[in-house]
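Here's data_19.cif, which has mmCIF, C-alpha atoms:
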data_query
loop_
_atom_site.label_atom_id
_atom_site.label_comp_id
_atom_site.auth_asym_id
_atom_site.auth_seq_id
_atom_site.Cartn_x
_atom_site.Cartn_y
_atom_site.Cartn_z
CA MET A 2 85.14 128.44 90.15
CA VAL A 3 87.32 126.20 92.26
CA GLY A 4 90.56 128.08 91.67
CA LYS A 5 93.85 126.59 92.88
CA GLN A 6 92.42 124.45 95.66
CA SER A 7 92.31 120.73 95.06
CA ILE A 8 89.14 118.92 94.09
CA GLU A 9 89.26 117.13 97.45
CA GLU A 10 89.43 120.47 99.32
CA ALA A 11 86.50 121.82 97.28
CA LEU A 12 84.36 118.82 98.23
CA GLY A 13 85.45 118.72 101.85
CA ARG A 14 86.49 115.07 101.68
CA ARG A 15 88.70 112.71 99.70
CA LEU A 16 87.59 109.85 97.51
CA LEU A 17 89.27 106.50 97.25
CA LEU A 18 89.18 106.36 93.46
CA GLY A 19 90.53 109.89 93.06
CA GLU A 20 93.16 109.24 95.69
CA MET A 21 94.35 106.13 93.89
CA ILE A 22 95.17 107.93 90.64
CA ALA A 23 96.65 110.95 92.44
CA ARG A 24 98.78 108.69 94.67
CA ASN A 25 100.04 106.74 91.67
CA ALA A 26 100.79 110.01 89.88
CA SER A 27 103.04 111.07 92.76
CA LYS A 28 104.64 107.65 93.32
CA PHE A 29 104.95 106.51 89.69
CA PRO A 30 104.64 109.67 87.55
CA HIS A 31 106.36 108.19 84.50
CA LYS A 32 104.73 104.73 84.48
CA GLU A 33 101.99 104.09 81.96
CA ALA A 34 98.51 104.39 83.40
CA LEU A 35 96.46 104.15 80.23
CA VAL A 36 97.11 102.65 76.83
CA PHE A 37 94.51 102.87 74.10
CA GLY A 38 95.55 102.41 70.50
CA GLU A 39 98.35 104.87 69.85
CA THR A 40 97.52 106.89 72.98
CA ARG A 41 99.82 106.29 75.94
CA LEU A 42 99.40 108.32 79.12
CA THR A 43 101.58 108.22 82.22
CA TYR A 44 99.99 108.46 85.66
CA LYS A 45 101.09 112.10 85.82
CA GLN A 46 99.48 112.91 82.46
CA PHE A 47 96.35 110.89 83.20
CA ASN A 48 95.90 112.55 86.60
CA ALA A 49 96.38 116.02 85.07
CA ARG A 50 93.71 115.33 82.43
CA ILE A 51 91.33 113.94 85.07
CA ASN A 52 91.84 117.02 87.26
CA GLN A 53 91.31 119.37 84.31
CA LEU A 54 88.03 117.67 83.41
CA ALA A 55 86.91 117.52 87.06
CA HIS A 56 87.43 121.28 87.42
CA ALA A 57 85.53 121.92 84.17
CA LEU A 58 82.63 119.76 85.36
CA LEU A 59 82.49 121.67 88.65
CA GLU A 60 82.49 124.98 86.74
CA LEU A 61 79.58 123.71 84.64
CA GLY A 62 77.61 123.06 87.82
CA VAL A 63 78.03 119.31 88.19
CA THR A 64 77.78 118.63 91.91
CA LYS A 65 78.33 115.78 94.33
CA GLY A 66 75.75 113.07 93.70
CA ALA A 67 74.74 114.39 90.27
CA LYS A 68 74.15 111.69 87.66
CA VAL A 69 76.09 112.32 84.47
CA ALA A 70 75.71 110.17 81.37
CA ILE A 71 78.88 109.26 79.53
CA LEU A 72 78.00 108.75 75.90
CA ALA A 73 81.17 107.44 74.32
CA PHE A 74 82.71 104.49 72.62
CA ASN A 75 85.39 102.63 74.57
CA CYS A 76 88.24 105.13 74.49
CA ASN A 77 90.67 107.00 76.73
CA GLN A 78 88.21 109.91 77.06
CA PHE A 79 85.66 107.51 78.57
CA MET A 80 88.16 106.57 81.29
CA GLU A 81 89.04 110.22 81.91
CA ALA A 82 85.37 111.12 82.29
CA TYR A 83 84.71 108.16 84.58
CA PHE A 84 87.58 109.03 86.94
CA ALA A 85 86.86 112.79 86.83
CA LEU A 86 83.25 112.19 87.86
CA ALA A 87 84.38 109.90 90.67
CA LYS A 88 86.84 112.55 91.83
CA ILE A 89 84.02 115.08 92.37
CA ALA A 90 81.67 112.42 93.79
CA ALA A 91 79.28 112.60 90.87
CA VAL A 92 77.71 109.40 89.56
CA ALA A 93 78.90 108.19 86.16
CA VAL A 94 76.15 106.63 84.06
CA PRO A 95 77.96 104.95 81.18
CA ARG A 96 75.88 104.35 78.07
CA GLU A 97 76.97 102.47 75.01
CA LEU A 98 77.11 104.85 72.08
CA THR A 99 75.09 103.13 69.39
CA HIS A 100 73.85 104.44 66.06
CA ASN A 101 70.44 105.08 67.68
CA TYR A 102 72.02 107.25 70.43
CA CYS A 103 74.10 109.14 67.86
CA TYR A 104 70.97 109.96 65.89
CA ARG A 105 69.08 111.09 69.02
CA ILE A 106 71.95 113.33 70.13
CA TRP A 107 72.26 114.81 66.63
CA TYR A 108 68.51 115.44 66.52
CA CYS A 109 68.46 117.09 69.97
CA CYS A 110 71.42 119.28 69.05
CA LEU A 111 69.74 120.42 65.83
CA ARG A 112 66.42 121.00 67.58
CA ASN A 113 68.04 123.05 70.36
CA ASN A 114 70.51 124.86 68.07
CA VAL A 115 73.51 123.41 69.91
CA THR A 116 76.90 123.81 68.27
CA GLN A 117 80.35 122.62 69.27
CA GLY A 118 81.57 124.07 72.53
CA ARG A 119 79.11 125.41 75.07
CA GLY A 120 76.19 125.82 72.69
CA ALA A 121 74.55 128.66 70.83
#
Please go through the file and, once you have read it, give me the structure as structure tokens.
Amino acid sequence: MVGKQSIEEALGRRLLLGEMIARNASKFPHKEALVFGETRLTYKQFNARINQLAHALLELGVTKGAKVAILAFNCNQFMEAYFALAKIAAVAVPRELTHNYCYRIWYCCLRNNVTQGRGA
């Protein structure tokens, strides 16, 4: 677990993409960073969500250089995942979520007895 140290401290270096959002969160905390449908997030909120996801990914064992598929429609969660992966220096592999992918994921989950959350 990373604890209270920053993601940058945990990795031993800082990333440009992660720095950009964090810098904007400190300079413009109340300006809108992301608007998707009815969802509106300020830089402060967006950065907090990115950090939360980055810490969770590290706890799950995602490491620097790891390739992580993002299976999602265009949505705010896609952007959060993309920036969180960049913050921990993992490689985001975005995939369009089509009906075929949905079926394959559903089938794999059933086959491996995966439920919501961390699995069975």
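For the choices A:Leu86, A:Met80, A:Ala26, A:Ala91, the atom-to-atom distance to Thr64 (chain A) is smallest for A:Ala91 when using only C-alpha atoms.
The shortest atom-to-atom distance to Glu81 (chain A), with all atoms listed in the file taken into account, belongs to A:Ala93 out of A:Lys32, A:Ala93, A:Gly66, A:Glu60.
Residues within 12 Å of Leu35 (chain A), counting only C-alpha atoms and excluding same-chain residues fewer than 5 positions away, are Ile22, Thr40, Arg41, Leu42, Thr43, Tyr44, Lys45, Gln46, Phe47, Asn48, Arg50, Cys76, Asn77, Gln78, Phe79, Met80 and Glu81 of chain A.
Separating CA of Ala90 (chain A) from CA of Lys65 (chain A) is a distance of 4.8 Å.
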Checklist entry - Expanded to explicit residues, what is the PyMOL selection byres ((chain A and resi 96) around 8) for this file, as JSON, numbers by chain? => result {"A": [70, 71, 72, 73, 94, 95, 97, 98]}
Checklist entry - So which residues get picked by the PyMOL selection byres ((chain A and resi 23) around 10) here, written as a list in words? => result Leu17, Leu18, Gly19, Glu20, Met21, Ile22, Arg24, Asn25, Ala26, Ser27, Lys28, Phe29, Pro30, Tyr44, Lys45, Phe47, Asn48, Ala49, Ile51, Asn52 and Lys88 of chain A
Next on the checklist: Please compute the CA of Val92 (chain A)-CA of Glu39 (chain A) distance, one decimal, in Å.
Outcome noted: 28.9 Å
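Between CA of Ile89 (chain A) and CA of Ala67 (chain A) there is a distance of 9.5 Å.
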